[in-house]
$ cat query-v9.txt   # compact mmCIF, C-alpha atoms
# COMPACT_ATOMS: atom_id res chain seq x y z
CA MET O 9 217.49 111.67 -41.23
CA GLU O 10 220.61 110.05 -39.82
CA ASP O 11 220.25 112.05 -36.58
CA SER O 12 216.64 110.90 -36.29
CA THR O 13 217.62 107.26 -36.86
CA GLN O 14 220.44 107.53 -34.37
CA GLN O 15 218.13 109.21 -31.88
CA LYS O 16 215.61 106.40 -32.28
CA LYS O 17 218.30 103.78 -31.73
CA THR O 18 219.55 105.53 -28.60
CA LEU O 19 216.00 105.99 -27.30
CA ILE O 20 215.20 102.31 -27.82
CA GLU O 21 218.40 101.27 -26.07
CA ASP O 22 217.71 103.53 -23.10
CA ILE O 23 214.13 102.29 -22.75
CA ILE O 24 215.18 98.66 -23.13
CA ASN O 25 217.89 99.19 -20.55
CA LEU O 26 215.23 100.59 -18.20
CA TYR O 27 213.04 97.55 -18.80
CA GLU O 28 215.96 95.23 -18.21
CA GLN O 29 216.85 96.91 -14.94
CA TYR O 30 213.28 96.79 -13.66
CA PHE O 31 211.84 93.64 -15.24
CA GLY O 32 214.75 91.49 -16.35
CA SER O 33 216.31 90.51 -19.64
CA ASN O 34 213.58 88.24 -21.00
CA MET O 35 210.97 90.98 -21.04
CA ALA O 36 213.46 93.54 -22.34
CA GLU O 37 214.33 91.36 -25.33
CA SER O 38 210.65 91.03 -26.31
CA TYR O 39 210.31 94.78 -26.41
CA ARG O 40 213.60 95.33 -28.21
CA ARG O 41 212.22 93.28 -31.09
CA PHE O 42 208.83 94.97 -30.90
CA TYR O 43 210.26 98.50 -30.98
CA SER O 44 212.80 97.89 -33.75
CA ASP O 45 210.38 98.71 -36.61
CA LYS O 46 208.25 101.33 -34.81
CA ASP O 47 208.47 105.11 -35.07
CA ILE O 48 209.55 107.26 -32.12
CA ASN O 49 206.05 108.42 -31.26
CA THR O 50 204.73 104.83 -31.10
CA ILE O 51 207.69 103.80 -28.95
CA LEU O 52 207.07 106.67 -26.53
CA LEU O 53 203.33 105.98 -26.34
CA SER O 54 203.92 102.29 -25.74
CA SER O 55 206.56 102.82 -23.08
CA LYS O 56 204.46 105.48 -21.31
CA GLU O 57 201.46 103.16 -21.21
CA LEU O 58 203.56 100.23 -19.98
CA ILE O 59 205.45 102.18 -17.34
CA GLU O 60 202.25 103.68 -15.96
CA GLU O 61 200.55 100.28 -15.87
CA LEU O 62 203.44 98.79 -13.90
CA MET O 63 204.52 101.69 -11.70
CA GLY O 64 201.27 103.56 -11.31
CA PRO O 65 200.29 106.91 -12.83
CA VAL O 66 202.32 109.08 -10.44
CA LYS O 67 205.65 107.22 -10.58
CA GLY O 68 205.13 106.26 -14.19
CA ASN O 69 204.64 109.86 -15.20
CA GLU O 70 207.75 110.88 -13.26
CA MET O 71 209.82 108.20 -15.03
CA PHE O 72 208.45 109.08 -18.41
CA GLU O 73 209.07 112.81 -17.93
CA LYS O 74 212.77 112.05 -17.43
CA ILE O 75 212.92 110.15 -20.71
CA SER O 76 211.04 112.89 -22.58
CA GLN O 77 213.27 115.62 -21.18
CA GLN O 78 216.42 113.68 -21.92
CA TYR O 79 215.48 113.45 -25.57
CA HIS O 80 213.71 116.83 -25.76
CA LEU O 81 210.72 115.05 -27.12
CA ASP O 82 207.09 116.07 -27.07
CA LEU O 83 204.67 113.21 -27.14
CA GLN O 84 202.26 113.64 -30.07
CA LEU O 85 198.98 112.05 -29.19
CA MET D 7 204.44 75.89 -13.81
CA ASN D 8 203.67 72.18 -14.46
CA LYS D 9 207.13 71.20 -13.22
CA LEU D 10 206.58 73.23 -10.07
CA ILE D 11 203.23 71.57 -9.40
CA GLY D 12 204.74 68.15 -10.17
CA GLY D 13 207.58 68.79 -7.74
CA ILE D 14 205.16 69.88 -5.03
CA VAL D 15 202.99 66.77 -5.49
CA ILE D 16 206.05 64.48 -5.25
CA TYR D 17 207.27 66.30 -2.15
CA VAL D 18 203.85 66.03 -0.48
CA PHE D 19 203.78 62.27 -1.22
CA ILE D 20 207.24 61.89 0.34
CA ILE D 21 206.08 63.80 3.41
CA ALA D 22 202.93 61.66 3.64
CA ALA D 23 205.02 58.44 3.37
CA ILE D 24 207.46 59.63 6.02
CA MET D 25 204.58 60.54 8.34
CA TRP D 26 203.87 56.81 8.72
CA PHE D 27 207.47 56.20 9.76
CA PRO D 28 207.46 55.49 13.52
CA PRO D 29 209.85 58.25 14.70
CA PHE D 30 207.55 60.83 13.10
CA VAL D 31 204.33 59.32 14.40
CA THR D 32 205.60 59.52 17.97
CA ASN D 33 207.45 62.79 17.62
CA LYS D 34 204.94 65.59 17.02
CA LEU D 35 207.62 68.29 16.97
CA LEU D 36 209.35 66.50 14.14
CA LEU D 37 206.05 66.14 12.31
CA ASN D 38 205.40 69.85 12.73
CA ASN D 39 208.82 70.59 11.30
CA LEU D 40 208.17 68.43 8.25
CA ILE D 41 204.86 70.09 7.50
CA TYR D 42 206.44 73.47 8.13
CA SER D 43 209.29 72.64 5.72
CA THR D 44 206.74 72.01 2.99
CA PHE D 45 205.71 75.64 3.00
CA SER D 46 209.28 76.91 2.77
CA PHE D 47 209.95 74.36 0.02
CA ILE D 48 207.00 75.59 -2.03
CA ALA D 49 208.07 79.22 -1.51
CA THR D 50 211.60 78.39 -2.68
CA CYS D 51 210.33 76.59 -5.78
CA ALA D 52 208.05 79.52 -6.63
CA GLY D 53 211.05 81.83 -6.25
CA ILE D 54 213.15 79.74 -8.60
CA VAL D 55 210.38 79.85 -11.21
CA ALA D 56 210.18 83.65 -10.84
CA ILE D 57 213.91 84.18 -11.31
CA ARG D 58 214.02 81.85 -14.31
CA THR D 59 211.14 83.78 -15.88
CA MET D 60 212.84 87.12 -15.25
CA GLY D 61 216.30 86.17 -16.42
CA PHE D 62 219.47 87.01 -14.54
CA LYS D 63 220.41 90.39 -15.94
CA GLY D 64 219.56 93.70 -14.36
CA ASN D 65 219.22 95.02 -10.83
CA GLN D 66 215.68 93.72 -10.37
CA ALA D 67 216.89 90.22 -11.24
CA LYS D 68 219.75 90.48 -8.73
CA SER D 69 217.32 91.70 -6.09
CA LEU D 70 214.91 88.85 -6.79
CA LEU D 71 217.74 86.30 -6.81
CA LEU D 72 218.90 87.40 -3.37
CA ILE D 73 215.34 87.18 -2.02
CA VAL D 74 215.08 83.64 -3.43
CA ILE D 75 218.46 82.75 -1.88
CA GLY D 76 217.21 84.08 1.46
CA ILE D 77 214.03 82.02 1.38
CA GLY D 78 215.94 78.99 0.08
CA SER D 79 218.35 79.36 2.96
CA TRP D 80 215.45 79.26 5.41
CA PHE D 81 214.14 76.11 3.70
CA MET D 82 217.55 74.43 4.07
CA ALA D 83 217.61 75.49 7.71
CA ASP D 84 214.16 73.94 8.27
CA VAL D 85 215.30 70.68 6.68
CA LEU D 86 218.56 70.49 8.61
CA TRP D 87 216.75 71.25 11.86
CA GLY D 88 214.36 68.39 11.12
CA VAL D 89 217.19 66.01 10.22
CA GLU D 90 218.93 66.81 13.49
CA LEU D 91 215.71 66.14 15.40
CA LEU D 92 215.43 62.79 13.64
CA ILE D 93 219.02 61.71 14.24
CA ARG D 94 219.71 63.12 17.68
CA GLY D 95 216.20 63.51 19.08
CA GLU D 96 216.85 67.19 19.70
CA ALA D 97 218.35 70.08 17.79
CA ALA D 98 221.66 71.48 19.00
CA TYR D 99 221.86 75.19 19.62
CA PRO D 100 223.37 76.81 17.75
CA SER D 101 223.30 74.45 14.78
CA ILE D 102 224.02 74.76 11.07
CA GLY D 103 220.31 75.44 10.65
CA ASP D 104 220.60 78.53 12.86
CA TYR D 105 223.46 79.92 10.76
CA LEU D 106 221.40 79.33 7.62
CA TYR D 107 218.44 81.18 9.16
CA LEU D 108 220.72 84.14 9.93
CA PHE D 109 222.27 84.01 6.46
CA GLY D 110 218.75 84.11 5.05
CA TYR D 111 218.06 87.41 6.82
CA ILE D 112 221.23 88.90 5.34
CA ALA D 113 220.42 87.77 1.80
CA LEU D 114 216.87 89.13 2.11
CA PHE D 115 218.17 92.45 3.42
CA ILE D 116 220.70 92.92 0.61
CA GLY D 117 218.11 91.89 -1.98
CA LEU D 118 215.58 94.38 -0.69
CA VAL D 119 218.16 97.17 -0.39
CA LYS D 120 218.87 96.65 -4.11
CA GLN D 121 215.13 96.81 -4.79
CA ILE D 122 214.79 100.04 -2.82
CA GLN D 123 217.80 101.60 -4.56
CA LEU D 124 216.35 100.69 -7.94
CA ALA D 125 212.93 102.05 -7.09
CA ARG D 126 214.21 105.55 -6.19
CA ILE D 127 211.48 106.44 -3.77
CA SER D 128 210.21 109.99 -4.22
CA PHE D 129 210.13 111.12 -0.60
CA HIS D 130 209.36 114.71 -1.57
CA SER D 131 206.01 113.76 -3.10
CA MET D 132 204.84 111.72 -0.10
CA ASN D 133 202.23 112.73 2.40
CA LYS D 134 204.37 113.99 5.29
CA ILE D 135 201.91 112.94 7.98
CA MET D 136 201.65 109.40 6.64
CA LEU D 137 205.44 109.22 6.33
CA SER D 138 205.92 110.46 9.88
CA ILE D 139 203.37 108.05 11.38
CA THR D 140 204.87 105.09 9.52
CA ALA D 141 208.40 106.08 10.55
CA LEU D 142 207.36 106.48 14.20
CA PHE D 143 205.62 103.12 14.24
CA THR D 144 208.69 101.51 12.69
CA LEU D 145 211.02 103.11 15.23
CA PHE D 146 208.75 101.92 18.03
CA ALA D 147 208.82 98.36 16.64
CA ILE D 148 212.61 98.47 16.23
CA GLY D 149 212.98 99.72 19.79
CA GLY D 150 210.75 96.93 21.10
CA PHE D 151 212.66 94.23 19.27
CA ALA D 152 216.01 95.72 20.21
CA TYR D 153 215.03 95.63 23.87
CA PHE D 154 213.27 92.25 24.05
CA SER D 155 215.10 90.26 21.36
CA ILE D 156 218.62 91.65 21.69
CA TYR D 157 219.16 93.34 25.06
CA LEU D 158 217.09 90.92 27.17
CA ALA D 159 218.17 87.95 25.05
CA TYR D 160 221.77 88.28 26.21
CA SER D 161 222.71 85.80 28.92
CA PRO D 162 226.12 85.71 30.63
CA GLU D 163 225.49 82.05 31.48
CA VAL D 164 225.76 80.81 27.92
CA SER D 165 228.59 80.91 25.41
CA LEU D 166 229.41 83.92 23.27
CA LEU D 167 228.42 81.98 20.18
CA GLU D 168 225.02 81.10 21.58
CA ASN D 169 224.45 84.74 22.55
CA PHE D 170 225.53 85.84 19.09
CA VAL D 171 223.00 83.54 17.43
CA THR D 172 220.16 84.39 19.82
CA MET D 173 220.74 88.13 19.43
CA GLY D 174 221.23 87.57 15.71
CA TYR D 175 217.62 86.44 15.40
CA GLY D 176 216.51 89.68 17.04
CA ALA D 177 218.71 91.65 14.64
CA GLY D 178 217.25 89.67 11.75
CA ASP D 179 213.73 90.69 12.75
CA ILE D 180 214.81 94.31 13.01
CA ILE D 181 216.13 93.98 9.45
CA LEU D 182 212.72 92.70 8.35
CA ILE D 183 211.00 95.61 10.11
CA ILE D 184 213.25 98.14 8.36
CA VAL D 185 212.71 96.61 4.92
CA SER D 186 208.97 96.40 5.61
CA PHE D 187 208.98 100.14 6.30
CA PHE D 188 210.57 100.79 2.93
CA LEU D 189 208.21 98.33 1.24
CA ILE D 190 205.30 100.41 2.55
CA LEU D 191 206.92 103.52 1.08
CA LEU D 192 207.54 101.71 -2.21
CA MET D 193 203.94 100.58 -2.40
CA TRP D 194 202.77 104.13 -1.77
CA ASP D 195 205.18 105.62 -4.30
CA TYR D 196 204.13 103.09 -6.96
CA ARG D 197 200.44 103.23 -6.04
CA GLY D 198 198.04 102.35 -8.81
CA GLY D 199 200.63 100.15 -10.53
CA ARG D 200 200.83 96.39 -10.69
CA LEU D 201 204.15 96.28 -8.86
CA SER D 202 202.60 97.90 -5.81
CA THR D 203 200.04 95.10 -5.46
CA ILE D 204 202.73 92.44 -5.83
CA TRP D 205 204.91 93.98 -3.11
CA LEU D 206 201.93 93.92 -0.74
CA PHE D 207 202.15 90.12 -0.63
CA LEU D 208 205.84 90.27 0.26
CA LEU D 209 205.11 92.81 2.99
CA VAL D 210 202.35 90.68 4.53
CA GLY D 211 204.67 87.64 4.35
CA PHE D 212 207.34 89.47 6.34
CA MET D 213 204.80 90.80 8.85
CA MET D 214 203.58 87.29 9.52
CA ASP D 215 207.12 86.04 9.92
CA ILE D 216 207.97 88.78 12.39
CA THR D 217 204.81 87.94 14.37
CA GLY D 218 205.79 84.27 14.40
CA ASP D 219 209.27 85.15 15.62
CA SER D 220 207.81 87.35 18.37
CA LEU D 221 205.54 84.55 19.58
CA TYR D 222 208.41 82.05 19.41
CA ALA D 223 210.72 84.29 21.43
CA TYR D 224 208.07 85.03 24.07
CA PHE D 225 206.76 81.46 24.42
CA ILE D 226 209.98 79.61 23.57
CA SER D 227 209.63 77.00 26.34
CA ASP D 228 206.07 76.16 25.35
CA TYR D 229 206.99 76.00 21.67
CA GLU D 230 209.98 73.70 22.28
CA ALA D 231 207.75 71.47 24.42
CA ASN D 232 205.17 71.47 21.61
CA ILE D 233 202.44 72.83 23.87
CA ASN D 234 199.27 73.89 22.10
CA PRO D 235 197.72 76.20 21.16
CA ILE D 236 200.88 78.35 21.16
CA THR D 237 202.87 75.98 18.93
CA ASN D 238 200.10 75.81 16.37
CA ILE D 239 199.44 79.55 16.41
CA THR D 240 203.15 80.31 16.00
CA ASN D 241 203.43 77.84 13.12
CA TYR D 242 200.32 79.31 11.47
CA PHE D 243 202.11 82.66 11.34
CA TYR D 244 205.33 81.13 9.98
CA ASN D 245 203.43 79.06 7.42
CA GLY D 246 201.24 82.03 6.54
CA GLY D 247 204.41 84.07 5.95
CA TYR D 248 205.68 81.49 3.48
CA ILE D 249 202.29 81.34 1.76
CA PHE D 250 202.28 85.09 1.14
CA ILE D 251 205.89 85.02 -0.05
CA THR D 252 204.93 82.20 -2.44
CA ILE D 253 202.06 84.33 -3.76
CA TYR D 254 204.52 87.23 -4.24
CA PHE D 255 206.78 85.02 -6.37
CA LEU D 256 203.85 83.60 -8.36
CA LYS D 257 202.38 87.07 -8.97
CA MET D 258 205.80 88.29 -10.12
CA THR D 259 206.06 85.33 -12.51
CA GLU D 260 202.57 86.01 -13.84
CA LEU D 261 203.45 89.66 -14.43
CA LEU D 262 206.71 88.83 -16.20
CA LYS D 263 204.99 86.34 -18.51
CA TYR D 264 202.32 88.92 -19.28
CA LEU D 265 205.01 91.50 -20.10
CA ALA D 266 206.89 89.12 -22.36
CA GLN D 267 203.70 88.22 -24.26
CA LYS D 268 202.27 91.73 -24.52
CA PRO D 269 204.28 92.96 -27.56
CA LEU D 270 203.38 89.78 -29.45
CA LEU D 271 199.68 90.53 -28.92
CA LYS D 272 200.10 94.09 -30.19
CA LYS D 273 201.51 93.03 -33.53

$ encode --input "query-v9.txt" --output "structure tokens"
Amino acid sequence: MEDSTQQKKTLIEDIINLYEQYFGSNMAESYRRFYSDKDINTILLSSKELIEELMGPVKGNEMFEKISQQYHLDLQL
Amino acid sequence: MNKLIGGIVIYVFIIAAIMWFPPFVTNKLLLNNLIYSTFSFIATCAGIVAIRTMGFKGNQAKSLLLIVIGIGSWFMADVLWGVELLIRGEAAYPSIGDYLYLFGYIALFIGLVKQIQLARISFHSMNKIMLSITALFTLFAIGGFAYFSIYLAYSPEVSLLENFVTMGYGAGDIILIIVSFFLILLMWDYRGGRLSTIWLFLLVGFMMDITGDSLYAYFISDYEANINPITNITNYFYNGGYIFITIYFLKMTELLKYLAQKPLLKK
């Protein structure tokens, strides 16, 4: 349970850091608050959808694959 | 957005009031400069709104800030050039305005390099033919500018400083050509995404600016003598460049506001 919680925290931080790098701190803060009470699957779905909307399906998928591989996560649709 | 519109309205009123002032009525070149400065002013204001909406943290914010500084530098150069025309009747060459124009190129270049580094273009997934054609066209354009705007621009009859500034403008345009090449690659790599559409406006803005610079360099005597239609056509390209850059900043602001609001709508 603790590993899962820690993993979620690290995942959120990494995604928020990505948002901050690409879209600035104001947007990143909105999503930090939004993700804080969501489960990992919801966070991954949301970030995948957002990244693809902004970067396009090809680049977005590439970015998202890196996150998934880093955390050895399989997206459960 | 209301403050931006308010600022633009006030600025336009000031311009309109000054247009009745005798030195401007009789000096068409000065009048052109004032109208021209309006476009760079609006672009700068739009840039400031974009950076305030984004915040100042992160590489994208640093990139955007440098682009805004570059455009703002060009606005200051336009204003100083106009002030010099008003006071002295002609602009010295080189002047502080010229150094600000050159500084603007440097800021834009650094800002866009940061953008390109952040984007991490996936060259391996690109269509090789498209990449080759774009690269060849870019090299051809760079070669043309290097020959006409740098090599031919050198004159042993003028001072080293004047040569440096004149050739600097050519180098600045080459910088814009290089970043435009990478913007095309970025747009392709991020195709289908909202960022790709936004970068298109920046690319068109730079293309128009480069065209304006080319016309200015080729017809410099006619432009300085305010001979139409070349002066008007050249200014249309410069003004058009600022318009597209303004749209880029406004589209970026719109996107950032949408992103900030989106999680609130999902709750």

$ residues_around --input "query-v9.txt" --residues "O:Asn25" --least-positions-apart "5" --cutoff "12 Å" --atoms "all atoms listed in the file" --output "ChimeraX atom specification"
/O:18-20,30-37,39-40 /D:63-66

$ interface_residues --input "query-v9.txt" --of "chain O" --to "chain D" --cutoff "12 Å" --atoms "all atoms listed in the file" --output "ChimeraX atom specification"
/O:24-46,50-51,54-55,57-71

$ closest_residue --input "query-v9.txt" --among "D:Lys134, D:Ala159, D:Ile102, D:Val74" --to "D:Gly117" --atoms "only C-alpha atoms"
D:Val74

$ atom_distance --input "query-v9.txt" --atom1 "atom CA of D:Phe109" --atom2 "atom CA of D:Ser46"
15.3 Å

$ residues_around --input "query-v9.txt" --residues "D:Phe146" --least-positions-apart "5" --cutoff "12 Å" --atoms "all atoms listed in the file" --output "JSON list (two decimals) with C-alpha atoms, keeping the file's coordinate frame"
[["chain", "number", "residue", "atom", "x", "y", "z"],
["D", 139, "ILE", "CA", 203.37, 108.05, 11.38],
["D", 140, "THR", "CA", 204.87, 105.09, 9.52],
["D", 141, "ALA", "CA", 208.40, 106.08, 10.55],
["D", 151, "PHE", "CA", 212.66, 94.23, 19.27],
["D", 152, "ALA", "CA", 216.01, 95.72, 20.21],
["D", 153, "TYR", "CA", 215.03, 95.63, 23.87],
["D", 180, "ILE", "CA", 214.81, 94.31, 13.01],
["D", 183, "ILE", "CA", 211.00, 95.61, 10.11],
["D", 184, "ILE", "CA", 213.25, 98.14, 8.36],
["D", 187, "PHE", "CA", 208.98, 100.14, 6.30]]

$ atom_distance --input "query-v9.txt" --atom1 "atom CA of D:Met82" --atom2 "atom CA of D:Tyr248"
13.8 Å

$ residues_near_point --input "query-v9.txt" --point "(217.0, 89.0, -0.3)" --cutoff "6 Å" --atoms "all atoms listed in the file" --output "mmCIF file with C-alpha atoms, in the coordinates of the input"
data_model
loop_
_atom_site.group_PDB
_atom_site.id
_atom_site.type_symbol
_atom_site.label_atom_id
_atom_site.label_comp_id
_atom_site.auth_asym_id
_atom_site.auth_seq_id
_atom_site.Cartn_x
_atom_site.Cartn_y
_atom_site.Cartn_z
ATOM 1 C CA LEU D 72 218.900 87.400 -3.370
ATOM 2 C CA ILE D 73 215.340 87.180 -2.020
ATOM 3 C CA GLY D 76 217.210 84.080 1.460
ATOM 4 C CA ALA D 113 220.420 87.770 1.800
ATOM 5 C CA LEU D 114 216.870 89.130 2.110
ATOM 6 C CA PHE D 115 218.170 92.450 3.420
ATOM 7 C CA ILE D 116 220.700 92.920 0.610
ATOM 8 C CA GLY D 117 218.110 91.890 -1.980
ATOM 9 C CA LEU D 118 215.580 94.380 -0.690
#

$ closest_residue --input "query-v9.txt" --among "D:Met136, D:Gly150, D:Arg94, D:Asn39" --to "D:Tyr229" --atoms "only C-alpha atoms"
D:Asn39

$ atom_distance --input "query-v9.txt" --atom1 "atom CA of D:Ser79" --atom2 "atom CA of D:Leu106"
5.6 Å
